[in-house]
Amino acid sequence: MNRLTLLAVGAAGLTVLSVGPAFAAAPAAAAETVTSCGSSGLQAGLATRVCADVTGTTVEFYGAVGLAGPPSPGSPAPAPKELFTTLSTEVVGTNPPVTQTRSVIFASSAVQVRGTAGIVPCGSTVRATFGVASFPWPAKPVVHEVTIAC
């Protein structure tokens, strides 16, 4: 990779980190990433959950959507469906949640809906909710919280 490409990737990463009022913008220190996920829930006939990647004091939440179970032998692949997703993140007790809505097409393979990453103060609890709706099913959001240890 040449230097110009590295600079462009670094600038794009810093831009992503600066989005959202609940997070302070600053580059993360090199540390191990720990992934944790909340309980799964059934939304729009699909298995959903919200997960967090924590690297030092940097947190990135993402929602995951997959089949609720294996397809029956000999059955055709499920028809693609449009999903309306909502991913809200907040540092508990400080700013209001930052909400992202996105429409995605689900066929049969797992889909991830990534949120913005941000740096939060040590000792803070960060909460995310992930909702998936598809006509005629309303969203029944799943929740996951992580506490940032230092």
# chains A, B, ... in the order shown; residues from 1 in each chain; ligands from 1
>>> residues_around(residues="stretch 55-71 of chain A", least_positions_apart="4", cutoff="6 Å", atoms="only C-alpha atoms", output="PyMOL selection string")
chain A and resi 31-33+46-51+110-115+117-120+130
>>> residues_around(residues="stretch 92-94 of chain A", least_positions_apart="4", cutoff="12 Å", atoms="only C-alpha atoms", output="list in words")
Pro21, Ala22, Phe23, Ser88, Val98, Val120, Pro121, Gly123, Ser124, Thr125, Val126, Arg127, Ala128, His144, Glu145, Val146, Thr147 and Ile148 of chain A
>>> write_last_selection(atoms="all heavy atoms", output="short mmCIF file (atom, residue, chain, number, x, y, z; two decimals), in the first residue's frame")
data_model
loop_
_atom_site.label_atom_id
_atom_site.label_comp_id
_atom_site.auth_asym_id
_atom_site.auth_seq_id
_atom_site.Cartn_x
_atom_site.Cartn_y
_atom_site.Cartn_z
N PRO A 21 -22.59 12.75 18.86
CA PRO A 21 -22.31 13.56 20.03
C PRO A 21 -22.02 12.76 21.30
O PRO A 21 -21.48 13.30 22.24
CB PRO A 21 -23.59 14.37 20.20
CG PRO A 21 -24.65 13.52 19.61
CD PRO A 21 -23.98 12.80 18.47
N ALA A 22 -22.34 11.47 21.34
CA ALA A 22 -22.14 10.70 22.56
C ALA A 22 -20.70 10.24 22.71
O ALA A 22 -20.32 9.73 23.74
CB ALA A 22 -23.07 9.49 22.57
N PHE A 23 -19.90 10.42 21.69
CA PHE A 23 -18.54 9.93 21.71
C PHE A 23 -17.57 11.08 21.45
O PHE A 23 -17.83 11.95 20.64
CB PHE A 23 -18.33 8.87 20.63
CG PHE A 23 -19.20 7.66 20.81
CD1 PHE A 23 -20.28 7.44 19.97
CD2 PHE A 23 -18.95 6.75 21.81
CE1 PHE A 23 -21.08 6.33 20.13
CE2 PHE A 23 -19.75 5.63 21.97
CZ PHE A 23 -20.81 5.42 21.13
N SER A 88 -29.26 2.20 17.84
CA SER A 88 -29.09 3.36 18.71
C SER A 88 -28.00 3.08 19.73
O SER A 88 -27.96 1.99 20.30
CB SER A 88 -30.39 3.67 19.47
OG SER A 88 -31.40 4.03 18.56
N VAL A 98 -27.63 8.21 19.97
CA VAL A 98 -27.37 8.50 18.56
C VAL A 98 -28.01 7.35 17.80
O VAL A 98 -27.68 6.18 18.04
CB VAL A 98 -25.86 8.56 18.28
CG1 VAL A 98 -25.60 8.73 16.79
CG2 VAL A 98 -25.22 9.69 19.07
N VAL A 120 -14.99 6.52 24.67
CA VAL A 120 -15.80 6.88 25.83
C VAL A 120 -14.91 6.90 27.07
O VAL A 120 -13.88 6.23 27.11
CB VAL A 120 -16.99 5.91 26.02
CG1 VAL A 120 -17.94 5.98 24.86
CG2 VAL A 120 -16.52 4.50 26.21
N PRO A 121 -15.29 7.67 28.09
CA PRO A 121 -14.48 7.75 29.31
C PRO A 121 -14.43 6.42 30.06
O PRO A 121 -15.38 5.63 30.02
CB PRO A 121 -15.20 8.81 30.15
CG PRO A 121 -16.10 9.53 29.21
CD PRO A 121 -16.43 8.58 28.11
N GLY A 123 -14.80 3.72 32.84
CA GLY A 123 -15.86 3.50 33.81
C GLY A 123 -17.26 3.75 33.28
O GLY A 123 -18.24 3.50 33.97
N SER A 124 -17.38 4.25 32.05
CA SER A 124 -18.70 4.53 31.47
C SER A 124 -19.38 3.24 31.03
O SER A 124 -18.74 2.28 30.64
CB SER A 124 -18.57 5.43 30.24
OG SER A 124 -18.03 6.67 30.58
N THR A 125 -20.70 3.27 31.09
CA THR A 125 -21.50 2.19 30.55
C THR A 125 -22.10 2.68 29.24
O THR A 125 -22.68 3.77 29.19
CB THR A 125 -22.62 1.76 31.52
OG1 THR A 125 -22.01 1.30 32.73
CG2 THR A 125 -23.49 0.67 30.94
N VAL A 126 -21.95 1.88 28.19
CA VAL A 126 -22.46 2.23 26.87
C VAL A 126 -23.53 1.22 26.50
O VAL A 126 -23.34 0.01 26.69
CB VAL A 126 -21.33 2.24 25.82
CG1 VAL A 126 -21.83 2.79 24.50
CG2 VAL A 126 -20.14 3.04 26.31
N ARG A 127 -24.66 1.71 26.01
CA ARG A 127 -25.80 0.84 25.69
C ARG A 127 -26.15 0.98 24.21
O ARG A 127 -26.11 2.08 23.66
CB ARG A 127 -27.01 1.23 26.52
CG ARG A 127 -28.28 0.45 26.17
CD ARG A 127 -29.51 0.95 26.92
NE ARG A 127 -29.29 0.94 28.36
CZ ARG A 127 -29.56 1.97 29.16
NH1 ARG A 127 -30.05 3.10 28.68
NH2 ARG A 127 -29.33 1.88 30.45
N ALA A 128 -26.50 -0.14 23.59
CA ALA A 128 -26.98 -0.13 22.21
C ALA A 128 -28.25 -0.92 22.12
O ALA A 128 -28.44 -1.92 22.83
CB ALA A 128 -25.93 -0.71 21.28
N HIS A 144 -27.82 -4.39 24.37
CA HIS A 144 -26.55 -4.86 24.91
C HIS A 144 -25.84 -3.68 25.56
O HIS A 144 -25.84 -2.59 25.00
CB HIS A 144 -25.68 -5.46 23.81
CG HIS A 144 -24.39 -6.05 24.29
ND1 HIS A 144 -24.30 -6.93 25.34
CD2 HIS A 144 -23.12 -5.86 23.86
CE1 HIS A 144 -23.04 -7.27 25.53
NE2 HIS A 144 -22.30 -6.63 24.63
N GLU A 145 -25.28 -3.90 26.75
CA GLU A 145 -24.54 -2.87 27.45
C GLU A 145 -23.13 -3.38 27.75
O GLU A 145 -22.94 -4.55 28.03
CB GLU A 145 -25.19 -2.51 28.80
CG GLU A 145 -26.46 -1.75 28.69
CD GLU A 145 -27.00 -1.32 30.05
OE1 GLU A 145 -26.43 -1.69 31.11
OE2 GLU A 145 -27.99 -0.60 30.07
N VAL A 146 -22.16 -2.46 27.67
CA VAL A 146 -20.80 -2.77 28.07
C VAL A 146 -20.29 -1.65 28.96
O VAL A 146 -20.66 -0.49 28.80
CB VAL A 146 -19.85 -2.95 26.86
CG1 VAL A 146 -20.19 -4.18 26.08
CG2 VAL A 146 -19.83 -1.73 25.98
N THR A 147 -19.48 -2.01 29.95
CA THR A 147 -18.84 -1.03 30.82
C THR A 147 -17.37 -1.00 30.45
O THR A 147 -16.72 -2.05 30.37
CB THR A 147 -19.03 -1.40 32.31
OG1 THR A 147 -20.43 -1.44 32.57
CG2 THR A 147 -18.38 -0.37 33.21
N ILE A 148 -16.86 0.19 30.25
CA ILE A 148 -15.47 0.38 29.82
C ILE A 148 -14.56 0.35 31.04
O ILE A 148 -14.61 1.25 31.88
CB ILE A 148 -15.30 1.69 29.04
CG1 ILE A 148 -16.30 1.77 27.89
CG2 ILE A 148 -13.86 1.84 28.56
CD1 ILE A 148 -16.26 0.59 26.94
#
>>> select_by_dssp(residues="stretch 19-122 of chain A", states="strand (DSSP E)", output="JSON, numbers by chain")
{"A": [33, 34, 35, 36, 37, 41, 42, 43, 46, 47, 48, 49, 50, 51, 52, 53, 54, 55, 58, 59, 60, 61, 62, 63, 64, 65, 66, 67, 81, 82, 83, 84, 85, 86, 87, 88, 89, 90, 91, 98, 99, 100, 101, 102, 103, 104, 105, 106, 111, 112, 113, 114, 115, 116, 117, 118, 119]}
>>> select_by_dssp(residues="stretch 13-104 of chain A", states="alpha helix (DSSP H)", output="list of chain:residue names")
A:Gly13, A:Leu14, A:Thr15, A:Val16, A:Leu17
>>> closest_residue(among="A:Cys150, A:Val143, A:Ala44, A:Leu87", to="A:Thr99", atoms="only C-alpha atoms")
A:Leu87
>>> closest_residue(among="A:Ala77, A:Leu83, A:Ala149, A:Val54", to="A:Ile105", atoms="only C-alpha atoms")
A:Leu83
>>> atom_distance(atom1="atom CA of A:Val142", atom2="atom CA of A:Thr129")
5.5 Å
>>> atom_distance(atom1="atom CA of A:Ala133", atom2="atom CA of A:Ala107")
14.9 Å
>>> closest_residue(among="A:Ser75, A:Ser109, A:Thr116, A:Thr85", to="A:Gln43", atoms="only C-alpha atoms")
A:Thr85
>>> atom_distance(atom1="atom CA of A:Asp53", atom2="atom CA of A:Pro80")
28.3 Å
